[in-house]
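Shown next, in C-alpha cells, is the structure this report addresses.
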Amino acid sequence: MGRRCFDHFHTELCLTMSTPIGRYPLWLAFHELGLDPEEATPTDLVDFLDFRAPSWLREELGLHLSQRQALRLRRTLERYDPTTRTPEETLAALSN
C-alpha cells in the first residue's frame, strides 16, 4: 500500500506543478525525513506536503508551490484510498 501512496503523490505533485518531477530525488527527500516511500501512508504524504514539499521544491527544483496549490493537493491526498484500483489496473485485470 505504501508504494501506491508514494506513486499517487508523485503523480499528483507533477500534475499540480505542471512539470515532470524526478521520482528518485523525491524518493531521497522522503528518506531524508526518515520516511520510507515503500511504507508511506496518506498521513505521511500530507505531513511531507505540509512540512517539507514547498521548501524542497523551491531549493531543489526552483519551483514555487503556492498556498492554493498546496491546499488542493492536500485535499486530493486526503481523499485518496490506496485500496481502490486505478483505471489502468482495472483494464489490466480485464485483459487477463
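Chains: A, B, ... in order of the C-alpha cells. Residues: from 1 per chain. Ligands: from 1, in order shown.
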
Output as CSV one row per residue of segment 61-82 of chain A within 9 Å of segment 11-16 of chain A: the closest atom pair and its distance in Å to one decimal place, counting only C-alpha atoms, sorted by chain and residue number ascending.
residue,atom,partner,partner_atom,distance
A:Leu65,CA,A:Thr16,CA,8.5
A:Gln69,CA,A:Thr16,CA,6.6
A:Ala70,CA,A:Thr16,CA,8.5
A:Arg72,CA,A:Thr16,CA,8.5
A:Leu73,CA,A:Thr16,CA,7.0
A:Thr76,CA,A:Glu12,CA,8.0
A:Leu77,CA,A:Glu12,CA,8.3

Every residue of chain A that DSSP places in helix (DSSP H, G or I), as a PyMOL selection string
chain A and resi 2-17+23-32+37-39+42-51+53-61+67-79+87-95

Tell me which protein, DNA and RNA residues are within 10 Å of segment 41-55 of chain A, counting only C-alpha atoms, leaving out same-chain ones fewer than 5 positions away, and put them as a PyMOL selection string.
chain A and resi 1-6+8-10+13+26+29-30+33+35-36+60-67+70-71+73-82

Put those residues in a file: N, CA, C and O atoms, as a short mmCIF file (atom, residue, chain, number, x, y, z; two decimals), in the first residue's frame.
data_model
loop_
_atom_site.label_atom_id
_atom_site.label_comp_id
_atom_site.auth_asym_id
_atom_site.auth_seq_id
_atom_site.Cartn_x
_atom_site.Cartn_y
_atom_site.Cartn_z
N MET A 1 0.82 -1.19 0.00
CA MET A 1 0.00 0.00 0.00
C MET A 1 0.87 1.26 0.00
O MET A 1 0.54 2.24 -0.62
N GLY A 2 2.01 1.22 0.67
CA GLY A 2 2.86 2.39 0.76
C GLY A 2 3.38 2.86 -0.58
O GLY A 2 3.42 4.06 -0.87
N ARG A 3 3.77 1.92 -1.42
CA ARG A 3 4.29 2.28 -2.74
C ARG A 3 3.20 2.94 -3.57
O ARG A 3 3.45 3.89 -4.30
N ARG A 4 1.99 2.44 -3.45
CA ARG A 4 0.86 3.04 -4.17
C ARG A 4 0.65 4.48 -3.72
O ARG A 4 0.39 5.36 -4.54
N CYS A 5 0.77 4.73 -2.43
CA CYS A 5 0.61 6.09 -1.90
C CYS A 5 1.70 7.00 -2.46
O CYS A 5 1.41 8.12 -2.89
N PHE A 6 2.93 6.53 -2.46
CA PHE A 6 4.03 7.34 -2.98
C PHE A 6 3.83 7.61 -4.47
O PHE A 6 4.02 8.75 -4.93
N HIS A 8 1.06 7.70 -6.14
CA HIS A 8 -0.04 8.66 -6.27
C HIS A 8 0.44 10.07 -5.95
O HIS A 8 0.12 11.02 -6.67
N PHE A 9 1.20 10.21 -4.88
CA PHE A 9 1.73 11.51 -4.50
C PHE A 9 2.59 12.08 -5.62
O PHE A 9 2.46 13.26 -5.98
N HIS A 10 3.47 11.28 -6.16
CA HIS A 10 4.34 11.73 -7.24
C HIS A 10 3.53 12.21 -8.44
O HIS A 10 3.77 13.29 -8.98
N LEU A 13 1.68 15.46 -7.58
CA LEU A 13 2.61 16.58 -7.46
C LEU A 13 3.03 17.07 -8.84
O LEU A 13 3.08 18.28 -9.09
N LEU A 26 12.66 12.82 -5.33
CA LEU A 26 11.55 12.84 -4.38
C LEU A 26 11.69 11.70 -3.37
O LEU A 26 11.46 11.88 -2.18
N ALA A 29 14.20 12.66 -0.88
CA ALA A 29 13.67 13.67 0.05
C ALA A 29 12.85 13.00 1.15
O ALA A 29 12.89 13.42 2.31
N PHE A 30 12.11 11.96 0.81
CA PHE A 30 11.36 11.21 1.82
C PHE A 30 12.32 10.57 2.81
O PHE A 30 12.11 10.63 4.02
N LEU A 33 13.83 12.64 5.58
CA LEU A 33 12.95 12.91 6.71
C LEU A 33 12.68 11.65 7.54
O LEU A 33 11.90 11.69 8.49
N LEU A 35 11.29 8.93 6.33
CA LEU A 35 10.10 8.25 5.82
C LEU A 35 10.52 7.24 4.77
O LEU A 35 11.39 7.52 3.95
N ASP A 36 9.89 6.08 4.81
CA ASP A 36 10.16 5.06 3.79
C ASP A 36 9.05 5.12 2.75
O ASP A 36 7.89 4.83 3.06
N GLU A 60 15.42 22.57 -4.48
CA GLU A 60 15.95 21.56 -5.38
C GLU A 60 15.58 21.78 -6.85
O GLU A 60 16.34 21.46 -7.74
N LEU A 61 14.37 22.30 -7.09
CA LEU A 61 13.88 22.39 -8.46
C LEU A 61 13.57 23.81 -8.92
O LEU A 61 13.22 24.03 -10.08
N GLY A 62 13.63 24.76 -8.01
CA GLY A 62 13.31 26.14 -8.36
C GLY A 62 11.84 26.36 -8.66
O GLY A 62 11.49 27.27 -9.41
N LEU A 63 10.98 25.52 -8.09
CA LEU A 63 9.53 25.64 -8.31
C LEU A 63 8.86 26.22 -7.08
O LEU A 63 9.28 25.98 -5.96
N HIS A 64 7.79 26.95 -7.32
CA HIS A 64 7.04 27.56 -6.22
C HIS A 64 5.68 26.87 -6.10
O HIS A 64 4.89 26.85 -7.04
N LEU A 65 5.43 26.30 -4.93
CA LEU A 65 4.14 25.69 -4.63
C LEU A 65 3.32 26.72 -3.87
O LEU A 65 3.62 27.03 -2.71
N SER A 66 2.31 27.26 -4.53
CA SER A 66 1.50 28.29 -3.89
C SER A 66 0.63 27.67 -2.80
O SER A 66 0.41 26.45 -2.78
N GLN A 67 0.12 28.50 -1.94
CA GLN A 67 -0.73 28.02 -0.86
C GLN A 67 -2.00 27.38 -1.43
O GLN A 67 -2.46 26.35 -0.93
N ALA A 70 -1.11 23.97 -2.77
CA ALA A 70 -0.87 23.06 -1.65
C ALA A 70 -2.19 22.60 -1.04
O ALA A 70 -2.34 21.42 -0.70
N LEU A 71 -3.14 23.50 -0.91
CA LEU A 71 -4.44 23.11 -0.34
C LEU A 71 -5.18 22.13 -1.24
O LEU A 71 -5.77 21.16 -0.77
N LEU A 73 -3.82 20.08 -3.45
CA LEU A 73 -3.08 18.82 -3.41
C LEU A 73 -3.35 18.10 -2.10
O LEU A 73 -3.53 16.88 -2.07
N ARG A 74 -3.41 18.83 -1.02
CA ARG A 74 -3.70 18.24 0.30
C ARG A 74 -5.06 17.55 0.29
O ARG A 74 -5.21 16.43 0.77
N ARG A 75 -6.08 18.23 -0.27
CA ARG A 75 -7.41 17.61 -0.35
C ARG A 75 -7.40 16.34 -1.19
O ARG A 75 -8.03 15.35 -0.83
N THR A 76 -6.66 16.39 -2.29
CA THR A 76 -6.55 15.20 -3.14
C THR A 76 -5.90 14.04 -2.38
O THR A 76 -6.36 12.90 -2.46
N LEU A 77 -4.85 14.33 -1.64
CA LEU A 77 -4.16 13.29 -0.89
C LEU A 77 -5.03 12.73 0.24
O LEU A 77 -5.01 11.53 0.51
N GLU A 78 -5.78 13.59 0.89
CA GLU A 78 -6.65 13.15 1.99
C GLU A 78 -7.78 12.26 1.49
O GLU A 78 -8.25 11.38 2.21
N ARG A 79 -8.20 12.46 0.26
CA ARG A 79 -9.30 11.66 -0.30
C ARG A 79 -8.83 10.34 -0.91
O ARG A 79 -9.65 9.48 -1.22
N TYR A 80 -7.54 10.21 -1.11
CA TYR A 80 -7.00 9.04 -1.80
C TYR A 80 -7.19 7.78 -0.97
O TYR A 80 -6.88 7.73 0.22
N ASP A 81 -7.70 6.75 -1.62
CA ASP A 81 -7.87 5.44 -0.99
C ASP A 81 -6.97 4.44 -1.72
O ASP A 81 -7.27 4.05 -2.85
N PRO A 82 -5.86 4.05 -1.12
CA PRO A 82 -4.92 3.17 -1.81
C PRO A 82 -5.45 1.76 -2.06
O PRO A 82 -4.85 1.01 -2.82
#

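Closest to Arg58 of chain A among A:Met17, A:Asp7, A:Leu91, A:Thr84 is A:Met17, based on only C-alpha atoms.
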
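Going from atom CA of Pro37 of chain A over to atom CA of Ser18 of chain A, you cover 22.3 Å.
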
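What separates atom CA of Glu38 of chain A from atom CA of Ala92 of chain A is a distance of 22.6 Å.
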
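The space separating atom CA of Trp56 of chain A from atom CA of Arg23 of chain A comes to 13.3 Å.
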